[in-house]
>>> print(open('structure.csv').read())   # CSV, C-alpha atoms and all ligand atoms
chain,number,residue,atom,x,y,z
A,1,MET,CA,2.4,-24.5,18.2
A,2,LYS,CA,2.6,-25.8,14.7
A,3,LYS,CA,-0.8,-27.5,15.2
A,4,LYS,CA,-2.3,-24.2,16.3
A,5,LEU,CA,-1.0,-22.4,13.2
A,6,MET,CA,-2.3,-25.1,11.0
A,7,ALA,CA,-5.7,-25.0,12.7
A,8,MET,CA,-5.8,-21.2,12.1
A,9,ALA,CA,-4.8,-21.5,8.5
A,10,LEU,CA,-7.5,-24.1,8.1
A,11,ALA,CA,-10.1,-22.0,9.8
A,12,ALA,CA,-9.2,-19.1,7.6
A,13,CYS,CA,-9.5,-21.4,4.5
A,14,MET,CA,-12.9,-22.6,5.6
A,15,ALA,CA,-14.2,-19.1,6.3
A,16,LEU,CA,-13.3,-18.0,2.8
A,17,SER,CA,-13.8,-20.8,0.4
A,18,LEU,CA,-13.0,-24.5,0.6
A,19,ALA,CA,-12.4,-24.6,-3.2
A,20,ALA,CA,-9.6,-22.0,-2.9
A,21,CYS,CA,-7.8,-24.2,-0.4
A,22,GLY,CA,-8.1,-27.7,-1.6
A,23,GLY,CA,-6.6,-27.1,-5.0
A,24,SER,CA,-3.1,-28.8,-4.9
A,25,GLY,CA,-4.2,-32.1,-3.4
A,26,SER,CA,-0.8,-32.5,-1.9
A,27,GLY,CA,-2.0,-31.2,1.4
A,28,ASP,CA,1.1,-29.1,1.6
A,29,THR,CA,-0.2,-25.6,2.0
A,30,ALA,CA,2.2,-22.6,2.0
A,31,ALA,CA,1.7,-22.3,5.7
A,32,ASP,CA,2.6,-25.9,6.1
A,33,ALA,CA,5.6,-25.9,3.8
A,34,GLY,CA,7.2,-22.9,5.4
A,35,ASN,CA,6.5,-24.1,8.9
A,36,LYS,CA,9.0,-26.8,9.4
A,37,ASP,CA,10.8,-24.7,12.0
A,38,ALA,CA,9.7,-22.1,14.4
A,39,ALA,CA,8.8,-19.1,12.2
A,40,GLY,CA,5.2,-18.0,12.2
A,41,ASP,CA,5.1,-18.8,15.9
A,42,ALA,CA,4.2,-15.7,17.9
A,43,ALA,CA,6.5,-16.8,20.7
A,44,ALA,CA,9.4,-16.9,18.3
A,45,VAL,CA,8.8,-13.5,16.7
A,46,GLU,CA,10.1,-10.4,18.4
A,47,THR,CA,8.0,-7.3,18.0
A,48,VAL,CA,8.2,-3.7,19.2
A,49,LYS,CA,5.4,-4.3,21.7
A,50,ASP,CA,5.0,-7.8,23.2
A,51,GLY,CA,2.0,-9.6,21.8
A,52,VAL,CA,1.3,-6.8,19.3
A,53,LEU,CA,2.1,-6.4,15.6
A,54,THR,CA,2.6,-2.6,15.0
A,55,VAL,CA,2.1,-1.6,11.4
A,56,ALA,CA,2.6,1.9,9.9
A,57,THR,CA,0.5,3.0,7.0
A,58,SER,CA,-0.5,6.0,5.0
A,59,PRO,CA,-4.2,5.9,4.3
A,60,ASP,CA,-4.2,8.1,1.2
A,61,PHE,CA,-3.8,5.3,-1.3
A,62,ALA,CA,-7.0,3.5,-2.3
A,63,PRO,CA,-7.4,0.6,-2.8
A,64,TYR,CA,-4.3,-0.3,-0.7
A,65,GLU,CA,-5.4,1.9,2.3
A,66,PHE,CA,-7.9,4.6,2.7
A,67,TYR,CA,-10.7,5.8,4.9
A,68,ALA,CA,-14.0,4.4,3.9
A,69,LEU,CA,-17.1,6.1,5.3
A,70,ASP,CA,-19.2,3.7,7.3
A,71,GLU,CA,-23.1,3.9,7.4
A,72,ASN,CA,-22.9,6.7,10.0
A,73,GLY,CA,-20.5,8.7,7.9
A,74,ASN,CA,-17.5,7.9,10.1
A,75,PRO,CA,-14.2,7.4,8.5
A,76,THR,CA,-12.8,3.8,9.0
A,77,LEU,CA,-9.5,2.5,7.9
A,78,ALA,CA,-9.9,0.1,5.0
A,79,GLY,CA,-8.1,-1.4,2.0
A,80,PHE,CA,-6.4,-4.6,1.1
A,81,ASP,CA,-3.1,-3.7,3.0
A,82,MET,CA,-5.2,-3.4,6.1
A,83,ALA,CA,-7.0,-6.7,5.6
A,84,LEU,CA,-3.7,-8.3,4.9
A,85,ALA,CA,-2.2,-6.7,8.1
A,86,GLN,CA,-5.0,-8.3,10.1
A,87,TYR,CA,-4.4,-11.6,8.4
A,88,ILE,CA,-0.7,-11.5,9.2
A,89,ALA,CA,-1.4,-10.5,12.8
A,90,ASP,CA,-3.9,-13.4,13.2
A,91,TYR,CA,-1.5,-15.8,11.5
A,92,MET,CA,1.2,-14.9,14.1
A,93,GLY,CA,-1.3,-14.9,17.0
A,94,LEU,CA,-0.6,-11.2,17.6
A,95,GLU,CA,-2.9,-8.3,18.2
A,96,LEU,CA,-2.8,-5.7,15.4
A,97,GLU,CA,-2.1,-2.0,16.0
A,98,VAL,CA,-2.0,0.4,13.0
A,99,VAL,CA,-0.2,3.7,13.1
A,100,THR,CA,-1.3,6.2,10.5
A,101,VAL,CA,1.2,8.7,9.2
A,102,ASP,CA,2.1,10.3,5.8
A,103,PHE,CA,4.0,8.0,3.5
A,104,ASP,CA,7.4,9.6,4.3
A,105,GLY,CA,6.5,8.9,7.9
A,106,VAL,CA,6.0,5.2,7.2
A,107,LEU,CA,9.6,5.1,5.9
A,108,MET,CA,10.8,7.0,8.9
A,109,GLU,CA,9.0,4.7,11.4
A,110,LEU,CA,10.6,1.7,9.8
A,111,GLN,CA,14.0,3.3,9.7
A,112,THR,CA,13.9,4.2,13.4
A,113,LYS,CA,12.4,0.7,14.1
A,114,SER,CA,9.4,2.3,15.9
A,115,VAL,CA,7.1,-0.2,14.1
A,116,ASP,CA,7.4,-3.8,13.1
A,117,LEU,CA,6.0,-3.4,9.6
A,118,GLY,CA,5.3,-0.7,7.0
A,119,MET,CA,2.3,-1.7,4.8
A,120,ALA,CA,1.7,1.1,2.4
A,121,GLY,CA,1.8,-0.2,-1.1
A,122,LEU,CA,5.5,0.0,-0.7
A,123,SER,CA,7.9,-0.6,-3.6
A,124,PRO,CA,10.9,-2.7,-2.7
A,125,ASP,CA,13.3,-0.1,-4.2
A,126,PRO,CA,17.0,-0.9,-3.7
A,127,SER,CA,17.5,2.7,-2.4
A,128,ARG,CA,15.5,1.7,0.7
A,129,GLU,CA,17.5,-1.4,1.6
A,130,ASN,CA,19.5,0.4,4.3
A,131,ALA,CA,16.4,1.3,6.1
A,132,MET,CA,14.3,-1.9,6.0
A,133,ASP,CA,14.0,-5.4,4.8
A,134,PHE,CA,11.4,-6.3,2.2
A,135,SER,CA,9.0,-9.2,2.2
A,136,ASP,CA,8.1,-11.1,-0.9
A,137,ILE,CA,5.9,-9.2,-3.4
A,138,TYR,CA,2.2,-9.6,-2.6
A,139,TYR,CA,0.7,-7.4,-5.3
A,140,ARG,CA,1.7,-6.4,-8.8
A,141,GLY,CA,1.0,-3.1,-10.4
A,142,GLY,CA,2.5,-0.4,-12.6
A,143,GLN,CA,3.1,3.3,-12.6
A,144,SER,CA,1.2,6.0,-14.5
A,145,PHE,CA,1.3,9.6,-15.6
A,146,VAL,CA,-2.0,11.2,-14.8
A,147,THR,CA,-3.7,14.5,-15.8
A,148,VAL,CA,-7.2,15.7,-16.3
A,149,GLN,CA,-9.5,14.9,-19.3
A,150,ASP,CA,-9.2,18.4,-20.8
A,151,HIS,CA,-5.4,18.0,-21.1
A,152,ALA,CA,-5.3,14.3,-21.9
A,153,ASP,CA,-4.3,15.0,-25.5
A,154,ASP,CA,-1.2,17.0,-24.5
A,155,TYR,CA,0.6,13.9,-23.3
A,156,LYS,CA,1.2,11.3,-26.0
A,157,THR,CA,4.7,10.0,-25.2
A,158,LEU,CA,6.9,10.2,-22.1
A,159,GLU,CA,8.7,13.1,-23.7
A,160,ASP,CA,5.6,15.2,-23.3
A,161,ALA,CA,5.8,14.6,-19.6
A,162,ASN,CA,8.9,16.7,-19.6
A,163,LYS,CA,7.4,20.0,-21.0
A,164,ALA,CA,9.1,23.0,-19.5
A,165,GLY,CA,6.6,25.1,-17.6
A,166,ILE,CA,4.1,22.4,-16.5
A,167,SER,CA,3.8,21.5,-12.9
A,168,VAL,CA,4.0,17.8,-12.0
A,169,GLY,CA,3.1,16.3,-8.6
A,170,ALA,CA,4.4,13.3,-6.8
A,171,GLN,CA,4.2,12.1,-3.2
A,172,THR,CA,7.0,13.0,-0.8
A,173,GLY,CA,9.4,10.1,-0.2
A,174,SER,CA,7.8,8.0,-2.9
A,175,ILE,CA,9.4,6.3,-5.9
A,176,GLN,CA,6.9,8.4,-8.0
A,177,LEU,CA,9.0,11.4,-6.9
A,178,ASP,CA,12.1,9.6,-8.3
A,179,LEU,CA,10.2,8.9,-11.5
A,180,ALA,CA,9.2,12.6,-11.7
A,181,ASN,CA,12.9,13.6,-11.3
A,182,GLN,CA,13.8,11.0,-13.9
A,183,TYR,CA,11.2,11.7,-16.6
A,184,SER,CA,10.1,15.3,-15.9
A,185,ALA,CA,13.3,16.9,-14.9
A,186,ASP,CA,12.6,20.1,-16.9
A,187,THR,CA,9.2,20.6,-15.3
A,188,ASP,CA,8.2,22.2,-12.1
A,189,ILE,CA,8.1,19.2,-9.7
A,190,VAL,CA,5.8,19.6,-6.7
A,191,SER,CA,6.2,17.1,-3.9
A,192,LEU,CA,3.1,16.7,-1.7
A,193,PRO,CA,2.7,14.6,1.5
A,194,LYS,CA,-0.5,12.9,0.5
A,195,VAL,CA,-1.7,11.3,-2.7
A,196,THR,CA,-5.2,12.7,-1.9
A,197,ASP,CA,-3.6,16.2,-2.0
A,198,ILE,CA,-2.2,15.5,-5.4
A,199,ILE,CA,-5.6,14.4,-6.7
A,200,SER,CA,-7.3,17.5,-5.4
A,201,GLU,CA,-4.7,19.8,-6.8
A,202,LEU,CA,-5.0,18.1,-10.2
A,203,LEU,CA,-8.8,18.5,-10.1
A,204,ALA,CA,-8.4,22.2,-9.0
A,205,GLY,CA,-6.0,22.8,-11.9
A,206,LYS,CA,-3.1,23.7,-9.6
A,207,LEU,CA,-1.1,20.8,-10.9
A,208,ASP,CA,-0.9,19.9,-14.6
A,209,ALA,CA,-0.1,16.3,-14.1
A,210,ALA,CA,1.2,13.7,-11.6
A,211,TYR,CA,3.0,10.4,-11.2
A,212,ILE,CA,0.7,7.9,-9.4
A,213,GLU,CA,0.6,4.2,-9.0
A,214,THR,CA,-1.7,2.8,-11.7
A,215,ALA,CA,-4.1,0.8,-9.4
A,216,VAL,CA,-4.4,3.9,-7.2
A,217,ALA,CA,-5.0,6.2,-10.2
A,218,ILE,CA,-7.7,3.8,-11.4
A,219,SER,CA,-9.4,3.8,-8.0
A,220,TYR,CA,-9.5,7.6,-7.7
A,221,GLN,CA,-10.6,7.9,-11.3
A,222,LYS,CA,-13.8,6.0,-10.4
A,223,ASN,CA,-14.7,8.8,-7.9
A,224,TYR,CA,-13.3,11.6,-10.1
A,225,PRO,CA,-13.9,10.8,-13.8
A,226,GLU,CA,-12.2,14.1,-14.7
A,227,LEU,CA,-8.9,12.3,-14.1
A,228,ALA,CA,-7.1,10.9,-17.2
A,229,ILE,CA,-4.5,8.2,-17.0
A,230,VAL,CA,-2.4,9.0,-20.0
A,231,LEU,CA,0.9,7.2,-19.9
A,232,ASP,CA,2.5,4.0,-18.6
A,233,VAL,CA,5.7,4.9,-16.9
A,234,PRO,CA,8.5,2.3,-16.8
A,235,TYR,CA,9.9,1.4,-13.4
A,236,GLU,CA,12.1,-1.6,-13.0
A,237,VAL,CA,11.0,-2.6,-9.4
A,238,GLU,CA,7.9,-4.6,-9.9
A,239,GLY,CA,5.1,-4.8,-7.3
A,240,SER,CA,4.5,-4.0,-3.7
A,241,ALA,CA,6.2,-5.6,-0.7
A,242,ILE,CA,5.9,-5.1,3.1
A,243,GLY,CA,8.7,-3.1,4.8
A,244,VAL,CA,10.0,-5.1,7.7
A,245,SER,CA,12.0,-3.8,10.6
A,246,LYS,CA,15.6,-4.3,9.5
A,247,GLY,CA,17.4,-7.4,10.8
A,248,ASN,CA,14.4,-9.0,12.3
A,249,GLU,CA,14.8,-12.4,10.6
A,250,SER,CA,12.1,-14.3,12.3
A,251,LEU,CA,9.6,-11.6,11.7
A,252,LEU,CA,10.5,-11.4,8.0
A,253,LYS,CA,10.2,-15.2,7.7
A,254,ALA,CA,6.8,-15.3,9.4
A,255,VAL,CA,5.6,-12.4,7.2
A,256,ASN,CA,6.6,-14.2,4.1
A,257,GLU,CA,4.8,-17.3,5.3
A,258,ALA,CA,1.7,-15.4,6.0
A,259,ILE,CA,1.8,-13.7,2.6
A,260,ALA,CA,2.3,-17.1,0.9
A,261,ALA,CA,-0.7,-18.5,2.8
A,262,ALA,CA,-2.9,-15.5,1.9
A,263,LEU,CA,-2.0,-15.8,-1.7
A,264,GLU,CA,-2.5,-19.6,-1.7
A,265,ASP,CA,-5.8,-19.7,0.2
A,266,GLY,CA,-7.4,-16.9,-2.0
A,267,SER,CA,-7.6,-14.4,0.9
A,268,LEU,CA,-5.5,-11.8,-0.8
A,269,GLU,CA,-7.6,-12.0,-3.9
A,270,ASN,CA,-10.7,-11.5,-1.8
A,271,PHE,CA,-9.1,-8.6,0.1
A,272,VAL,CA,-8.3,-6.8,-3.2
A,273,ALA,CA,-11.8,-7.3,-4.6
A,274,GLU,CA,-13.4,-6.1,-1.3
A,275,ALA,CA,-11.1,-3.1,-1.2
A,276,ASN,CA,-11.8,-2.1,-4.8
A,277,GLU,CA,-15.5,-2.4,-4.1
A,278,LEU,CA,-15.3,-0.3,-1.0
A,279,ALA,CA,-13.0,2.3,-2.6
A,280,SER,CA,-15.5,3.0,-5.4
A,281,GLY,CA,-17.9,4.2,-2.7
A,282,GLU,CA,-17.6,7.3,-0.6
A,283,LYS,CA,-14.2,8.0,0.9
A,284,TYR,CA,-12.9,10.5,3.4
A,285,GLU,CA,-9.8,12.3,2.2
A,286,GLY,CA,-9.0,14.7,5.0
A,287,LEU,CA,-7.1,14.3,8.2
A,288,LEU,CA,-8.2,12.6,11.5
A,289,ASP,CA,-7.1,14.0,14.8
A,290,GLU,CA,-5.3,11.9,17.4
A,291,GLU,CA,-8.6,10.4,18.6
A,292,GLY,CA,-9.5,9.4,15.1
A,293,LYS,CA,-12.1,12.2,14.8
A,294,VAL,CA,-12.5,14.3,11.6
A,295,GLN,CA,-10.5,17.5,11.7
A,296,GLU,CA,-12.5,20.5,10.6
B,1,LIG,N1,4.8,2.5,-4.2
B,1,LIG,C1,5.3,3.8,-3.9
B,1,LIG,C2,6.5,3.8,-3.1
B,1,LIG,O1,6.8,2.8,-2.4
B,1,LIG,C3,4.3,4.7,-3.3
B,1,LIG,C4,3.7,4.2,-2.0
B,1,LIG,C5,2.8,5.2,-1.4
B,1,LIG,N2,2.0,4.6,-0.4
B,1,LIG,C6,1.0,5.3,0.3
B,1,LIG,N3,0.3,4.6,1.1
B,1,LIG,N4,0.7,6.5,0.1
B,1,LIG,O2,7.3,4.8,-3.0
>>> encode(input="structure.csv", output="structure tokens")
Amino acid sequence: MKKKLMAMALAACMALSLAACGGSGSGDTAADAGNKDAAGDAAAVETVKDGVLTVATSPDFAPYEFYALDENGNPTLAGFDMALAQYIADYMGLELEVVTVDFDGVLMELQTKSVDLGMAGLSPDPSRENAMDFSDIYYRGGQSFVTVQDHADDYKTLEDANKAGISVGAQTGSIQLDLANQYSADTDIVSLPKVTDIISELLAGKLDAAYIETAVAISYQKNYPELAIVLDVPYEVEGSAIGVSKGNESLLKAVNEAIAAALEDGSLENFVAEANELASGEKYEGLLDEEGKVQE
């Protein structure tokens, strides 16, 4: 099995770029190094459904996950979390199945162990440790306070984010909502299920401002230049991790190996670049019905 995994890692390397893989010269790739015992081996990893890696996500979060419109105008799931999910499934020799729910649903699916992984730009916040295990960090980013260009001058310091009377949005269940409670306690805090709802309410003037992950704010700002990213917001938990069904040690180990391989062979960097590129094009921000069709 180890041979098979190495072959797969090598194939992945070759498909992407030989230069990205050959760097160290030691021949000891991340996949190799972590592979001394059984992890990374599909047979050794227990999943909710045999042979399948079930991943929950919340596709309102470009460039992590979103619906890109294909050439026929059909929404298709995209983003670097989704590319990484496929990479991890391939790495483990499993089929990938993605479950789309709102972000608080991702947390719930993990908590109830209905899925194997939650991949949703998830912050490894200690408050979540009862509900899931966390993988290693695979992407680093920060937090921002966002408003519209017309009001950009109203917010010069974090104290201005706490003006009584303003309405401040954050996604339900997210650490951004915690940040809102921490830094904007005197405002009218509005919790919304989707980041895309927050963006449209900001643009419509129904919200004055919002807490949004910086990479995500930058991505939506490309489509909606009226958005203004005005403040950096301190948050001590750095970066995004994968939420792993709690107590599934072999899965956690295999996921970390796959992440290390994707970082080392340059895949992740490519996934991020591709997602950023795609996200700057047309996106679909509504809901899909159970068959994946656009809801009118
Ligand atoms: N990083 C934040 C958190 O973990 C927000 C993640 C939201 N993800 C999403 N796909 N909407 O709370």
>>> closest_atom_pairs(input="structure.csv", of="chain A", to="ligand LIG 1 (chain B)", cutoff="8 Å", atoms="only C-alpha atoms and all ligand atoms", output="tab-separated table")
residue	atom	partner	partner_atom	distance
A:Thr57	CA	B:LIG1	N3	6.1
A:Ser58	CA	B:LIG1	N3	4.2
A:Pro59	CA	B:LIG1	N3	5.7
A:Asp60	CA	B:LIG1	N4	5.3
A:Phe61	CA	B:LIG1	N3	4.8
A:Tyr64	CA	B:LIG1	N3	7.0
A:Glu65	CA	B:LIG1	N3	6.4
A:Asp102	CA	B:LIG1	N4	7.0
A:Phe103	CA	B:LIG1	N4	5.0
A:Met119	CA	B:LIG1	N3	7.6
A:Ala120	CA	B:LIG1	N3	4.0
A:Gly121	CA	B:LIG1	N2	4.9
A:Leu122	CA	B:LIG1	O1	3.5
A:Ser123	CA	B:LIG1	O1	3.8
A:Pro124	CA	B:LIG1	O1	6.9
A:Asp125	CA	B:LIG1	O1	7.3
A:Gln171	CA	B:LIG1	C5	7.3
A:Gly173	CA	B:LIG1	O2	6.4
A:Ser174	CA	B:LIG1	O2	3.2
A:Ile175	CA	B:LIG1	O2	3.9
A:Gln176	CA	B:LIG1	O2	6.2
A:Leu177	CA	B:LIG1	O2	7.9
A:Lys194	CA	B:LIG1	N4	6.5
A:Val195	CA	B:LIG1	N4	6.1
A:Ile212	CA	B:LIG1	C3	7.8
A:Glu213	CA	B:LIG1	N1	6.6
A:Gly239	CA	B:LIG1	N1	7.9
A:Ser240	CA	B:LIG1	N1	6.5
>>> closest_residue(input="structure.csv", among="A:Leu278, A:Ala56, A:Ile229, A:Leu84", to="A:Val115", atoms="all atoms listed in the file")
A:Ala56
>>> atom_distance(input="structure.csv", atom1="atom CA of A:Ile218", atom2="atom CA of A:Asn270")
18.3 Å
>>> closest_residue(input="structure.csv", among="A:Glu277, A:Glu201, A:Asp188, A:Asp160", to="A:Leu231", atoms="only C-alpha atoms")
A:Asp160
>>> residues_near_point(input="structure.csv", point="(-8.9, 11.6, -12.5)", cutoff="8 Å", atoms="all atoms listed in the file", output="number ranges by chain")
A: 146-149, 199, 202-203, 217-218, 220-229
>>> write_last_selection(input="structure.csv", atoms="C-alpha atoms", output="PDB file, keeping the file's coordinate frame")
ATOM      1  CA  VAL A 146      -2.000  11.200 -14.800  1.00  0.00           C
ATOM      2  CA  THR A 147      -3.700  14.500 -15.800  1.00  0.00           C
ATOM      3  CA  VAL A 148      -7.200  15.700 -16.300  1.00  0.00           C
ATOM      4  CA  GLN A 149      -9.500  14.900 -19.300  1.00  0.00           C
ATOM      5  CA  ILE A 199      -5.600  14.400  -6.700  1.00  0.00           C
ATOM      6  CA  LEU A 202      -5.000  18.100 -10.200  1.00  0.00           C
ATOM      7  CA  LEU A 203      -8.800  18.500 -10.100  1.00  0.00           C
ATOM      8  CA  ALA A 217      -5.000   6.200 -10.200  1.00  0.00           C
ATOM      9  CA  ILE A 218      -7.700   3.800 -11.400  1.00  0.00           C
ATOM     10  CA  TYR A 220      -9.500   7.600  -7.700  1.00  0.00           C
ATOM     11  CA  GLN A 221     -10.600   7.900 -11.300  1.00  0.00           C
ATOM     12  CA  LYS A 222     -13.800   6.000 -10.400  1.00  0.00           C
ATOM     13  CA  ASN A 223     -14.700   8.800  -7.900  1.00  0.00           C
ATOM     14  CA  TYR A 224     -13.300  11.600 -10.100  1.00  0.00           C
ATOM     15  CA  PRO A 225     -13.900  10.800 -13.800  1.00  0.00           C
ATOM     16  CA  GLU A 226     -12.200  14.100 -14.700  1.00  0.00           C
ATOM     17  CA  LEU A 227      -8.900  12.300 -14.100  1.00  0.00           C
ATOM     18  CA  ALA A 228      -7.100  10.900 -17.200  1.00  0.00           C
ATOM     19  CA  ILE A 229      -4.500   8.200 -17.000  1.00  0.00           C
TER      20      ILE A 229
END
>>> closest_residue(input="structure.csv", among="A:Ala85, A:Leu207, A:Leu117, A:Val233", to="A:Glu159", atoms="only C-alpha atoms")
A:Val233
>>> atom_distance(input="structure.csv", atom1="atom CA of A:Thr157", atom2="atom CA of A:Tyr139")
26.7 Å
>>> residues_near_point(input="structure.csv", point="(2.5, -10.4, 15.8)", cutoff="7 Å", atoms="all atoms listed in the file", output="ChimeraX atom specification")
/A:42,47,51-53,89,92-95
>>> closest_residue(input="structure.csv", among="A:Ser144, A:Thr100, A:Thr54, A:Ser200", to="A:Thr76", atoms="all atoms listed in the file")
A:Thr100
>>> atom_distance(input="structure.csv", atom1="atom CA of A:Phe145", atom2="atom CA of A:Leu158")
8.6 Å
>>> closest_residue(input="structure.csv", among="A:Ala78, A:Met108, A:Val45, A:Leu252", to="A:Phe134", atoms="all atoms listed in the file")
A:Leu252
>>> residues_around(input="structure.csv", residues="A:Pro75", least_positions_apart="3", cutoff="8 Å", atoms="all atoms listed in the file", output="mmCIF file with C-alpha atoms, in the coordinates of the input")
data_model
loop_
_atom_site.group_PDB
_atom_site.id
_atom_site.type_symbol
_atom_site.label_atom_id
_atom_site.label_comp_id
_atom_site.auth_asym_id
_atom_site.auth_seq_id
_atom_site.Cartn_x
_atom_site.Cartn_y
_atom_site.Cartn_z
ATOM 1 C CA TYR A 67 -10.700 5.800 4.900
ATOM 2 C CA ALA A 68 -14.000 4.400 3.900
ATOM 3 C CA LEU A 69 -17.100 6.100 5.300
ATOM 4 C CA ASP A 70 -19.200 3.700 7.300
ATOM 5 C CA LYS A 283 -14.200 8.000 0.900
ATOM 6 C CA TYR A 284 -12.900 10.500 3.400
ATOM 7 C CA VAL A 294 -12.500 14.300 11.600
#
>>> closest_atom_pairs(input="structure.csv", of="stretch 180-296 of chain A", to="stretch 166-170 of chain A", cutoff="10 Å", atoms="all atoms listed in the file", output="CSV")
residue,atom,partner,partner_atom,distance
A:Ala180,CA,A:Ala170,CA,6.9
A:Asn181,CA,A:Ala170,CA,9.6
A:Ser184,CA,A:Val168,CA,7.7
A:Ala185,CA,A:Val168,CA,9.8
A:Asp186,CA,A:Ile166,CA,8.8
A:Thr187,CA,A:Ile166,CA,5.5
A:Asp188,CA,A:Ser167,CA,4.5
A:Ile189,CA,A:Val168,CA,4.9
A:Val190,CA,A:Gly169,CA,4.7
A:Ser191,CA,A:Ala170,CA,5.1
A:Leu192,CA,A:Ala170,CA,6.3
A:Pro193,CA,A:Ala170,CA,8.6
A:Lys194,CA,A:Ala170,CA,8.8
A:Val195,CA,A:Ala170,CA,7.6
A:Asp197,CA,A:Gly169,CA,9.4
A:Ile198,CA,A:Gly169,CA,6.2
A:Ile199,CA,A:Gly169,CA,9.1
A:Glu201,CA,A:Gly169,CA,8.7
A:Leu202,CA,A:Gly169,CA,8.5
A:Gly205,CA,A:Ser167,CA,9.9
A:Lys206,CA,A:Ser167,CA,8.0
A:Leu207,CA,A:Ser167,CA,5.3
A:Asp208,CA,A:Ser167,CA,5.2
A:Ala209,CA,A:Val168,CA,4.8
A:Ala210,CA,A:Gly169,CA,4.4
A:Tyr211,CA,A:Ala170,CA,5.5
A:Ile212,CA,A:Ala170,CA,7.0
>>> closest_residue(input="structure.csv", among="A:Val48, A:Thr112, A:Gly141, A:Val98", to="A:Glu236", atoms="all atoms listed in the file")
A:Gly141
